[in-house]
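So this block is work-v5.cif, mmCIF, C-alpha atoms:
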data_upload
loop_
_atom_site.label_atom_id
_atom_site.label_comp_id
_atom_site.auth_asym_id
_atom_site.auth_seq_id
_atom_site.Cartn_x
_atom_site.Cartn_y
_atom_site.Cartn_z
CA MET A 1250 3.33 17.52 3.54
CA GLU A 1251 6.56 15.59 3.07
CA TRP A 1252 6.58 11.93 4.06
CA ASN A 1253 9.59 9.73 4.53
CA ILE A 1254 8.81 6.14 5.42
CA THR A 1255 11.96 4.11 5.93
CA SER A 1256 12.35 0.36 6.10
CA GLY A 1257 12.82 -1.68 9.23
CA ARG A 1258 10.42 0.14 11.55
CA PRO A 1259 6.66 -0.19 11.74
CA VAL A 1260 4.99 2.20 9.30
CA TYR A 1261 2.44 3.19 11.93
CA VAL A 1262 5.10 4.46 14.35
CA GLN A 1263 6.71 6.54 11.61
CA LEU A 1264 3.38 8.04 10.59
CA VAL A 1265 2.65 9.10 14.17
CA GLU A 1266 6.09 10.74 14.43
CA GLN A 1267 5.77 12.59 11.15
CA LEU A 1268 2.24 13.76 11.84
CA GLU A 1269 3.37 15.01 15.24
CA GLN A 1270 6.17 16.89 13.54
CA ALA A 1271 3.74 18.44 11.05
CA LEU A 1272 1.39 19.49 13.85
CA ALA A 1273 4.23 20.97 15.90
CA ALA A 1274 5.46 22.86 12.86
CA GLY A 1275 1.99 24.19 12.15
CA VAL A 1276 1.60 22.53 8.73
CA PHE A 1277 -1.98 22.03 9.87
CA PRO A 1278 -2.73 25.03 12.13
CA PRO A 1279 -4.82 24.64 15.31
CA GLY A 1280 -8.52 24.55 14.60
CA SER A 1281 -8.05 23.65 10.93
CA ARG A 1282 -9.41 20.55 9.30
CA ILE A 1283 -6.87 17.93 8.29
CA PRO A 1284 -7.26 16.14 4.94
CA PRO A 1285 -9.31 12.93 4.89
CA VAL A 1286 -7.62 9.62 5.73
CA ARG A 1287 -7.71 8.40 2.17
CA GLU A 1288 -6.03 11.54 0.86
CA LEU A 1289 -3.30 11.47 3.51
CA ALA A 1290 -2.74 7.77 2.87
CA ALA A 1291 -2.45 8.19 -0.90
CA ASP A 1292 -0.15 11.16 -0.37
CA ALA A 1293 2.16 9.19 1.92
CA GLY A 1294 1.82 6.06 -0.22
CA VAL A 1295 0.68 4.05 2.77
CA ASN A 1296 -2.25 1.85 3.60
CA PRO A 1297 -5.40 3.75 4.63
CA ASN A 1298 -5.92 1.45 7.62
CA THR A 1299 -2.42 2.25 8.88
CA MET A 1300 -3.02 5.98 8.44
CA GLN A 1301 -6.33 5.65 10.24
CA ARG A 1302 -4.59 3.95 13.16
CA ALA A 1303 -1.98 6.73 13.36
CA LEU A 1304 -4.69 9.41 13.36
CA GLN A 1305 -6.58 7.60 16.09
CA GLU A 1306 -3.41 7.54 18.18
CA LEU A 1307 -3.05 11.33 17.83
CA GLU A 1308 -6.72 11.66 18.67
CA SER A 1309 -6.31 9.67 21.87
CA ARG A 1310 -3.42 11.99 22.80
CA GLY A 1311 -5.71 14.96 22.34
CA LEU A 1312 -3.84 16.47 19.39
CA LEU A 1313 -6.67 15.84 16.97
CA GLN A 1314 -10.40 15.85 17.46
CA ALA A 1315 -12.88 13.80 15.50
CA GLN A 1316 -15.88 15.69 14.16
CA ARG A 1317 -18.95 13.56 14.03
CA THR A 1318 -19.48 13.79 10.30
CA ALA A 1319 -16.67 15.95 8.97
CA GLY A 1320 -13.34 14.27 9.56
CA ARG A 1321 -10.80 15.58 12.05
CA ILE A 1322 -9.61 18.98 13.17
CA VAL A 1323 -6.41 19.99 14.93
CA THR A 1324 -7.17 20.66 18.59
CA ALA A 1325 -7.66 24.40 18.92
CA GLU A 1326 -6.87 24.67 22.61
CA ASN A 1327 -3.16 24.78 22.31
CA GLY A 1328 -1.75 23.20 25.49
CA GLU A 1329 -1.07 19.80 23.96
CA LEU A 1330 0.62 21.31 20.92
CA THR A 1331 2.85 23.55 23.01
CA LEU A 1332 3.85 20.56 25.09
CA LEU A 1333 4.60 18.55 21.98
CA ARG A 1334 6.70 21.37 20.52
CA GLN A 1335 8.66 21.71 23.75
CA LYS A 1336 9.25 17.97 23.92
CA ARG A 1337 10.52 17.91 20.34
CA ALA A 1338 12.76 20.96 20.83
CA ARG A 1339 14.21 19.44 23.97
CA ARG A 1340 15.01 16.24 22.12
CA LEU A 1341 16.75 18.19 19.33
CA VAL A 1342 18.92 20.04 21.83
CA GLN A 1343 19.76 16.82 23.63
CA ASP A 1344 20.80 15.14 20.37
CA CYS A 1345 22.91 18.14 19.47
CA LEU A 1346 24.62 18.18 22.88
CA THR A 1347 25.30 14.44 22.74
CA GLN A 1348 27.01 14.84 19.39
CA LEU A 1349 29.03 17.87 20.49
CA ARG A 1350 30.21 16.02 23.58
CA GLY A 1351 31.09 13.14 21.27
CA LEU A 1352 33.43 15.55 19.51
CA GLY A 1353 35.14 16.06 22.86
CA MET A 1354 33.80 19.53 23.61
CA ASN A 1355 33.19 20.60 27.20
CA GLU A 1356 30.21 22.60 28.44
CA GLU A 1357 32.05 25.92 28.34
CA GLU A 1358 33.18 25.45 24.75
CA ILE A 1359 29.69 24.42 23.74
CA GLU A 1360 28.22 27.53 25.31
CA THR A 1361 30.72 29.78 23.55
CA LEU A 1362 30.09 28.03 20.25
CA LEU A 1363 26.34 28.39 20.65
CA LYS A 1364 26.68 32.15 21.20
CA GLU A 1365 29.03 32.49 18.24
CA VAL A 1366 26.69 30.63 15.89
CA GLN A 1367 23.73 32.62 17.17
CA ASN A 1368 25.55 35.87 16.43
CA GLY A 1369 26.41 34.59 12.98
CA ASN A 1370 30.19 34.64 13.53
CA ASP A 1371 31.96 32.16 11.31
CA VAL A 1372 34.97 30.13 12.36
CA MET B 1358 -18.39 -8.46 8.38
CA GLU B 1359 -18.47 -11.31 5.90
CA THR B 1360 -15.12 -12.79 4.92
CA MET B 1361 -14.32 -11.60 1.40
CA TYR B 1362 -12.00 -14.40 0.42
CA GLU B 1363 -11.20 -17.78 1.81
CA ALA B 1364 -9.00 -20.64 0.62
CA ARG B 1365 -9.46 -24.00 2.31
CA GLY B 1366 -7.11 -26.96 1.86
CA LEU B 1367 -6.39 -25.77 -1.66
CA LYS B 1368 -4.36 -28.16 -3.81
CA LYS B 1369 -3.43 -28.10 -7.45
CA LEU B 1370 -1.42 -30.73 -9.25
CA TYR B 1371 0.25 -30.16 -12.60
CA GLY B 1372 0.98 -33.64 -13.98
CA GLY B 1373 1.40 -35.13 -10.52
CA LYS B 1374 3.59 -32.28 -9.33
CA PRO B 1375 1.92 -30.13 -6.69
CA ALA B 1376 1.83 -26.39 -7.38
CA LEU B 1377 -0.41 -25.76 -4.40
CA ASN B 1378 -0.26 -28.07 -1.45
CA GLY B 1379 -2.93 -27.24 1.09
CA VAL B 1380 -3.18 -23.45 1.00
CA GLU B 1381 -5.37 -21.95 3.73
CA PHE B 1382 -6.02 -18.32 4.47
CA ALA B 1383 -8.78 -15.74 4.66
CA VAL B 1384 -8.97 -12.07 3.71
CA GLN B 1385 -11.43 -9.62 5.23
CA PRO B 1386 -13.02 -6.70 3.36
CA GLY B 1387 -11.07 -3.45 3.44
CA ARG B 1388 -7.69 -5.17 3.45
CA LEU B 1389 -4.78 -4.79 1.04
CA VAL B 1390 -2.87 -8.03 1.01
CA GLY B 1391 0.47 -8.79 -0.60
CA LEU B 1392 0.94 -12.29 -1.98
CA LEU B 1393 4.65 -12.98 -1.94
CA GLY B 1394 6.86 -15.93 -2.69
CA PRO B 1395 9.73 -17.01 -4.92
CA ASN B 1396 9.19 -18.16 -8.51
CA GLY B 1397 7.15 -21.33 -8.60
CA ALA B 1398 5.71 -20.87 -5.11
CA GLY B 1399 2.16 -20.99 -6.50
CA LYS B 1400 1.11 -17.34 -6.57
CA THR B 1401 -0.22 -17.29 -10.12
CA THR B 1402 -1.92 -20.68 -9.75
CA LEU B 1403 -3.66 -19.48 -6.61
CA LEU B 1404 -4.91 -16.33 -8.32
CA LYS B 1405 -6.03 -18.25 -11.42
CA ILE B 1406 -8.08 -20.65 -9.31
CA SER B 1407 -9.54 -17.68 -7.42
CA ALA B 1408 -10.50 -15.98 -10.67
CA GLY B 1409 -12.24 -19.15 -11.82
CA LEU B 1410 -9.80 -19.92 -14.64
CA LEU B 1411 -8.52 -23.16 -13.14
CA THR B 1412 -10.22 -25.80 -11.03
CA PRO B 1413 -8.41 -26.97 -7.91
CA SER B 1414 -7.39 -30.62 -7.53
CA ALA B 1415 -8.67 -30.52 -3.96
CA GLY B 1416 -10.02 -27.97 -1.52
CA GLU B 1417 -11.95 -24.85 -2.42
CA VAL B 1418 -11.99 -21.10 -2.72
CA ARG B 1419 -14.92 -19.04 -1.45
CA ILE B 1420 -15.48 -15.47 -2.52
CA ALA B 1421 -18.03 -13.74 -0.32
CA GLY B 1422 -19.15 -17.25 0.54
CA GLN B 1423 -19.52 -18.48 -3.05
CA LEU B 1424 -17.51 -20.86 -5.20
CA PRO B 1425 -15.87 -19.22 -8.25
CA GLY B 1426 -18.41 -18.92 -11.04
CA PRO B 1427 -20.44 -16.32 -12.93
CA ALA B 1428 -21.62 -14.70 -9.67
CA THR B 1429 -18.10 -14.24 -8.31
CA LYS B 1430 -16.77 -13.07 -11.68
CA ALA B 1431 -19.22 -10.18 -11.50
CA MET B 1432 -17.53 -8.98 -8.33
CA VAL B 1433 -13.93 -10.03 -8.89
CA SER B 1434 -11.63 -7.85 -10.97
CA TYR B 1435 -8.69 -9.96 -12.11
CA LEU B 1436 -5.43 -8.78 -13.63
CA PRO B 1437 -3.73 -11.74 -15.31
CA ASP B 1438 0.02 -12.19 -15.25
CA ARG B 1439 0.21 -11.82 -19.01
CA MET B 1440 -1.31 -9.65 -21.69
CA ALA B 1441 -4.82 -10.95 -22.30
CA LEU B 1442 -6.26 -8.24 -24.55
CA PRO B 1443 -6.85 -8.73 -28.29
CA ARG B 1444 -3.96 -7.13 -30.17
CA GLU B 1445 -6.02 -5.83 -33.07
CA GLN B 1446 -8.29 -3.74 -30.82
CA ARG B 1447 -7.69 -0.15 -29.76
CA ALA B 1448 -7.58 1.04 -26.15
CA GLU B 1449 -10.95 2.80 -26.53
CA ASP B 1450 -12.52 -0.38 -27.93
CA MET B 1451 -11.52 -2.22 -24.78
CA VAL B 1452 -12.96 0.53 -22.58
CA ALA B 1453 -16.26 0.19 -24.46
CA PHE B 1454 -16.08 -3.59 -24.20
CA TYR B 1455 -15.47 -3.55 -20.46
CA LYS B 1456 -18.29 -1.04 -20.04
CA ASP B 1457 -20.67 -3.40 -21.84
CA PHE B 1458 -19.43 -6.43 -20.02
CA TYR B 1459 -19.16 -5.31 -16.40
CA THR B 1460 -21.96 -3.36 -14.72
CA ASP B 1461 -19.50 -2.03 -12.11
CA PHE B 1462 -17.19 -0.50 -14.76
CA ASP B 1463 -16.67 3.27 -14.54
CA GLY B 1464 -15.93 4.60 -18.02
CA TYR B 1465 -15.12 8.08 -16.77
CA LYS B 1466 -12.54 6.75 -14.36
CA ALA B 1467 -10.96 4.64 -17.10
CA GLY B 1468 -10.67 7.69 -19.36
CA GLN B 1469 -9.10 9.64 -16.54
CA MET B 1470 -6.53 6.93 -15.83
CA LEU B 1471 -5.63 6.54 -19.51
CA ALA B 1472 -5.08 10.31 -19.70
CA ASP B 1473 -2.99 10.36 -16.51
CA LEU B 1474 -0.77 7.59 -17.84
CA LYS B 1475 -0.60 9.30 -21.24
CA LEU B 1476 -2.12 6.40 -23.14
CA ASP B 1477 -3.60 7.17 -26.53
CA PRO B 1478 -7.15 5.75 -26.69
CA ARG B 1479 -6.82 5.40 -30.48
CA GLN B 1480 -3.68 3.29 -30.35
CA ARG B 1481 -3.90 -0.34 -31.37
CA ILE B 1482 -2.97 -2.70 -28.55
CA GLY B 1483 -0.61 -4.66 -30.79
CA ALA B 1484 1.32 -1.45 -31.47
CA MET B 1485 1.84 -0.67 -27.79
CA SER B 1486 5.00 -1.47 -25.87
CA LYS B 1487 4.79 -4.21 -23.25
CA GLY B 1488 4.70 -1.69 -20.41
CA THR B 1489 1.95 0.32 -22.11
CA GLN B 1490 -0.13 -2.81 -22.62
CA GLU B 1491 0.23 -3.58 -18.93
CA LYS B 1492 -0.81 -0.06 -17.99
CA LEU B 1493 -3.92 -0.33 -20.19
CA GLN B 1494 -4.84 -3.67 -18.70
CA LEU B 1495 -4.44 -2.29 -15.20
CA CYS B 1496 -6.55 0.79 -16.02
CA LEU B 1497 -9.36 -1.51 -17.14
CA VAL B 1498 -9.12 -3.70 -14.05
CA MET B 1499 -8.94 -0.79 -11.60
CA SER B 1500 -11.85 1.06 -13.22
CA ARG B 1501 -14.26 -1.52 -11.90
CA ALA B 1502 -15.90 -1.05 -8.50
CA ALA B 1503 -15.25 -4.67 -7.59
CA GLY B 1504 -15.52 -6.41 -4.24
CA LEU B 1505 -12.25 -8.24 -4.72
CA TYR B 1506 -9.27 -7.28 -6.85
CA LEU B 1507 -6.82 -10.03 -7.78
CA LEU B 1508 -3.73 -8.41 -9.25
CA ASP B 1509 -1.06 -10.74 -10.57
CA GLU B 1510 2.19 -8.76 -10.67
CA PRO B 1511 0.75 -5.35 -11.60
CA LEU B 1512 4.09 -3.55 -11.25
CA GLY B 1513 6.52 -5.86 -13.01
CA GLY B 1514 6.75 -4.38 -16.47
CA VAL B 1515 6.06 -0.70 -15.83
CA ASP B 1516 8.48 2.13 -15.12
CA PRO B 1517 9.02 3.48 -11.57
CA ALA B 1518 6.98 6.65 -12.15
CA ALA B 1519 4.02 4.62 -13.40
CA ARG B 1520 4.47 2.27 -10.43
CA GLU B 1521 3.96 5.21 -8.07
CA TYR B 1522 0.87 6.20 -9.97
CA ILE B 1523 -0.53 2.67 -9.97
CA LEU B 1524 0.11 2.34 -6.26
CA SER B 1525 -1.61 5.63 -5.50
CA THR B 1526 -4.49 4.54 -7.74
CA ILE B 1527 -4.86 1.36 -5.73
CA LEU B 1528 -4.71 3.36 -2.50
CA SER B 1529 -7.14 6.10 -3.52
CA ASN B 1530 -9.45 3.43 -4.89
CA TYR B 1531 -9.55 1.94 -1.41
CA SER B 1532 -12.96 0.96 -0.12
CA GLU B 1533 -13.88 -0.54 3.22
CA SER B 1534 -16.01 -3.11 1.49
CA ALA B 1535 -13.41 -4.27 -1.04
CA ALA B 1536 -10.31 -6.39 -0.63
CA VAL B 1537 -7.18 -6.39 -2.80
CA ILE B 1538 -4.75 -9.26 -3.23
CA ILE B 1539 -1.56 -8.30 -5.05
CA SER B 1540 1.12 -10.75 -6.07
CA THR B 1541 4.48 -9.14 -6.66
CA HIS B 1542 8.23 -9.44 -6.45
CA LEU B 1543 8.64 -5.68 -6.04
CA ILE B 1544 8.08 -5.85 -2.30
CA GLY B 1545 10.04 -2.72 -1.43
CA ASP B 1546 7.86 -0.61 -3.72
CA ILE B 1547 4.64 -1.78 -2.23
CA GLU B 1548 5.03 -2.95 1.34
CA LYS B 1549 4.12 0.30 3.08
CA ALA B 1550 0.84 0.27 1.19
CA LEU B 1551 -0.14 -3.19 2.43
CA ASP B 1552 -2.05 -4.29 5.51
CA GLU B 1553 -0.92 -7.88 5.46
CA VAL B 1554 1.43 -10.17 3.63
CA ILE B 1555 1.00 -13.81 2.80
CA VAL B 1556 4.24 -15.59 1.96
CA LEU B 1557 3.93 -18.75 -0.11
CA LYS B 1558 6.64 -21.36 -0.14
CA ASP B 1559 6.43 -24.62 -2.10
CA GLY B 1560 2.69 -24.31 -2.53
CA ALA B 1561 1.82 -23.63 1.12
CA VAL B 1562 1.47 -20.55 3.32
CA LEU B 1563 4.76 -19.94 5.12
CA THR B 1564 3.47 -16.93 7.02
CA HIS B 1565 0.45 -14.65 7.02
CA GLN B 1566 0.73 -11.54 9.17
CA SER B 1567 0.35 -7.79 9.28
CA VAL B 1568 3.15 -5.76 7.71
CA ASP B 1569 3.72 -3.71 10.85
CA ALA B 1570 3.83 -6.83 13.06
CA LEU B 1571 6.41 -8.38 10.74
CA ARG B 1572 8.50 -5.20 10.72
CA GLU B 1573 8.26 -4.89 14.49
CA VAL B 1574 9.14 -8.50 15.32
CA ASN B 1575 11.94 -8.87 12.78
CA GLY B 1576 13.26 -5.30 12.95
CA LYS B 1577 13.50 -5.24 9.19
CA SER B 1578 11.37 -4.47 6.18
CA VAL B 1579 9.30 -7.18 4.49
CA ASP B 1580 11.68 -6.91 1.56
CA GLU B 1581 14.70 -7.64 3.73
CA TYR B 1582 12.82 -10.42 5.50
CA PHE B 1583 11.99 -12.03 2.16
CA ARG B 1584 15.61 -11.83 0.96
CA GLU B 1585 16.76 -13.49 4.14
CA VAL B 1586 14.20 -16.32 4.15
CA PHE B 1587 14.71 -17.17 0.48
CA LYS B 1588 18.45 -16.57 0.25
CA CYS B 1589 19.84 -18.63 -2.62
#
Final structure tokens representation of the file:
Amino acid sequence: MEWNITSGRPVYVQLVEQLEQALAAGVFPPGSRIPPVRELAADAGVNPNTMQRALQELESRGLLQAQRTAGRIVTAENGELTLLRQKRARRLVQDCLTQLRGLGMNEEEIETLLKEVQNGNDV
Amino acid sequence: METMYEARGLKKLYGGKPALNGVEFAVQPGRLVGLLGPNGAGKTTLLKISAGLLTPSAGEVRIAGQLPGPATKAMVSYLPDRMALPREQRAEDMVAFYKDFYTDFDGYKAGQMLADLKLDPRQRIGAMSKGTQEKLQLCLVMSRAAGLYLLDEPLGGVDPAAREYILSTILSNYSESAAVIISTHLIGDIEKALDEVIVLKDGAVLTHQSVDALREVNGKSVDEYFREVFKC
């Protein structure tokens, strides 16, 4: 998967976000095994201990499950993932609306625009 | 778990001028630690004492509880800050030499790394460019299964692509029972790979904390933090 660790914010927080994104997008499908910590860490160019911490966080949220001897799998029962996807989608829409309002558009105009874009009509 | 590395009240005088002035810190196994500081802060001196190449004027270093000596040299893999390989030898001669010399040396791994970095095993060291010599030296050092790696500026002379490779080598080489101390000025390239940073200033520890704690508290990267603290 693609990693993008920027400066200024804790690496751990960014790893959690990007792993969440990958899970929501189905990069690692439910029930599948995720790569070992060391591999993920080398791939992202981050410290294995930091990656481990991020994975543990996702585990405690129920998105991942530790297997006793064989690493971690993505939680198969999909409630948590659906919730995560909805939360992310909601945030995207909110960001988009905030920016559109920043351009001075009112709700009606936004609605019209949304329909237009959906139907593939260009300006 | 036993502390892998400890410096206590470490001092080193060069002709009356202190290079180290009471350095104290400890490193636990499984940690990747960045040793940062401006020129002349004492990074190289600290690593040389730790590798057993210099004796401190006062204080001591303990590696897995022992003073530097033959026993610690068997478990410490040290990358010096300058080229320390005989120029008339070939890369493959050095691999054979290291294999003879260190029981924890993995010849297969060394061959693999040389191939990945496109080094010719038959090339004479004296005929290599500076960057290539550094790559070879690093391959040798990282091919040992050591308990403690002391890397004095491993990224300085090599190109950005090789830096990435070296970094990922250090990361994939990670072991819970080994610690790595890396001195470098290329903080931006390496900080996300580190657990902790130790910043030296005028021969003493200015700060020693986890990278994420430093980023969180200061709201900036370690690189930016360093530039601010040591602004000229």
(request) Starting from chain A, keep only residues with some atom at most 6 Å from an atom of chain B, counting all atoms listed in the file, and report them as a list in words. (result)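 My answer is Ser1256, Gly1257, Arg1258, Pro1259, Ala1291, Val1295 and Asn1296 of chain A.
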(request) Run the PyMOL selection byres ((chain B and resi 1509) around 9) on the file and write out the hits as a list in words. (result)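 Residues picked by the PyMOL selection byres ((chain B and resi 1509) around 9): Leu1392, Lys1400, Thr1401, Leu1404, Tyr1435, Leu1436, Pro1437, Asp1438, Arg1439, Leu1507, Leu1508, Glu1510, Pro1511, Leu1512, Ile1538, Ile1539, Ser1540 and Thr1541 of chain B.
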(request) Please write as a ChimeraX atom specification the full residue list that the PyMOL selection byres ((chain A and resi 1336-1350) around 12) yields on this file. (result) /A:1266-1267,1269-1274,1329-1335,1351-1360,1362-1363
(request) May I ask for the distance between CA of Arg1302 (chain A) and CA of Val1384 (chain B), given in Å to one decimal place? (result)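 CA of Arg1302 (chain A) sits 19.1 Å away from CA of Val1384 (chain B).
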(request) Given the file shown, determine the residues that the PyMOL selection byres ((chain A and resi 1303) around 8) selects; report them as a PyMOL selection string. (result) chain A and resi 1261-1262+1264-1265+1299-1302+1304-1307
(message) Applying 10 Å and all atoms listed in the file, which residues near region 1447-1458 of chain B remain after dropping the ones on its own chain fewer than 2 positions away? List them as a VMD selection string.
(response) chain B and resid 1431 1442 to 1445 1460 to 1465 1467 to 1468 1471 1476 to 1485 1490 1493 to 1494 1496 to 1498 1500 to 1501
How about saving the chosen residues, C-alpha atoms kept, as a PDB file, in the coordinates of the input?
ATOM      1  CA  ALA B1431     -19.220 -10.180 -11.500  1.00  0.00           C
ATOM      2  CA  LEU B1442      -6.260  -8.240 -24.550  1.00  0.00           C
ATOM      3  CA  PRO B1443      -6.850  -8.730 -28.290  1.00  0.00           C
ATOM      4  CA  ARG B1444      -3.960  -7.130 -30.170  1.00  0.00           C
ATOM      5  CA  GLU B1445      -6.020  -5.830 -33.070  1.00  0.00           C
ATOM      6  CA  THR B1460     -21.960  -3.360 -14.720  1.00  0.00           C
ATOM      7  CA  ASP B1461     -19.500  -2.030 -12.110  1.00  0.00           C
ATOM      8  CA  PHE B1462     -17.190  -0.500 -14.760  1.00  0.00           C
ATOM      9  CA  ASP B1463     -16.670   3.270 -14.540  1.00  0.00           C
ATOM     10  CA  GLY B1464     -15.930   4.600 -18.020  1.00  0.00           C
ATOM     11  CA  TYR B1465     -15.120   8.080 -16.770  1.00  0.00           C
ATOM     12  CA  ALA B1467     -10.960   4.640 -17.100  1.00  0.00           C
ATOM     13  CA  GLY B1468     -10.670   7.690 -19.360  1.00  0.00           C
ATOM     14  CA  LEU B1471      -5.630   6.540 -19.510  1.00  0.00           C
ATOM     15  CA  LEU B1476      -2.120   6.400 -23.140  1.00  0.00           C
ATOM     16  CA  ASP B1477      -3.600   7.170 -26.530  1.00  0.00           C
ATOM     17  CA  PRO B1478      -7.150   5.750 -26.690  1.00  0.00           C
ATOM     18  CA  ARG B1479      -6.820   5.400 -30.480  1.00  0.00           C
ATOM     19  CA  GLN B1480      -3.680   3.290 -30.350  1.00  0.00           C
ATOM     20  CA  ARG B1481      -3.900  -0.340 -31.370  1.00  0.00           C
ATOM     21  CA  ILE B1482      -2.970  -2.700 -28.550  1.00  0.00           C
ATOM     22  CA  GLY B1483      -0.610  -4.660 -30.790  1.00  0.00           C
ATOM     23  CA  ALA B1484       1.320  -1.450 -31.470  1.00  0.00           C
ATOM     24  CA  MET B1485       1.840  -0.670 -27.790  1.00  0.00           C
ATOM     25  CA  GLN B1490      -0.130  -2.810 -22.620  1.00  0.00           C
ATOM     26  CA  LEU B1493      -3.920  -0.330 -20.190  1.00  0.00           C
ATOM     27  CA  GLN B1494      -4.840  -3.670 -18.700  1.00  0.00           C
ATOM     28  CA  CYS B1496      -6.550   0.790 -16.020  1.00  0.00           C
ATOM     29  CA  LEU B1497      -9.360  -1.510 -17.140  1.00  0.00           C
ATOM     30  CA  VAL B1498      -9.120  -3.700 -14.050  1.00  0.00           C
ATOM     31  CA  SER B1500     -11.850   1.060 -13.220  1.00  0.00           C
ATOM     32  CA  ARG B1501     -14.260  -1.520 -11.900  1.00  0.00           C
TER      33      ARG B1501
END
(request) May I ask for the distance between CA of Gly1391 (chain B) and CA of Met1470 (chain B), given in Å to one decimal place? (result) 23.0 Å
(request) Just give me the gap between CA of Ile1283 (chain A) and CA of Leu1313 (chain A) in Å, one decimal is fine. (result)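 It comes out at 8.9 Å.
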(message) Calculated over all atoms listed in the file, which of the candidates B:Pro1395, B:Gly1372, B:Gly1514, B:Pro1427 has the smallest distance to Leu1563 (chain B)?
(response)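 Once distances to Leu1563 (chain B) are computed over all atoms listed in the file, the minimum belongs to B:Pro1395.
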(request) Select, from B:Ala1376, B:Met1432, B:Val1556, B:Ala1383, the residue with the minimum atom-to-atom distance to Tyr1362 (chain B), counting all atoms listed in the file. (result)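 Using all atoms listed in the file, the shortest distance to Tyr1362 (chain B) belongs to B:Ala1383.
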Skipping near chain neighbours, those fewer than 3 positions away, what residues fall within 8 Å of Ile1322 (chain A) using all atoms listed in the file, listed as a short mmCIF file (atom, residue, chain, number, x, y, z; two decimals) with C-alpha atoms, in the frame of the given file?
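As written to disk, result07.cif reads:
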data_model
loop_
_atom_site.label_atom_id
_atom_site.label_comp_id
_atom_site.auth_asym_id
_atom_site.auth_seq_id
_atom_site.Cartn_x
_atom_site.Cartn_y
_atom_site.Cartn_z
CA PRO A 1279 -4.82 24.64 15.31
CA GLY A 1280 -8.52 24.55 14.60
CA SER A 1281 -8.05 23.65 10.93
CA ARG A 1282 -9.41 20.55 9.30
CA ILE A 1283 -6.87 17.93 8.29
CA LEU A 1313 -6.67 15.84 16.97
CA GLN A 1314 -10.40 15.85 17.46
CA ALA A 1315 -12.88 13.80 15.50
CA GLN A 1316 -15.88 15.69 14.16
#
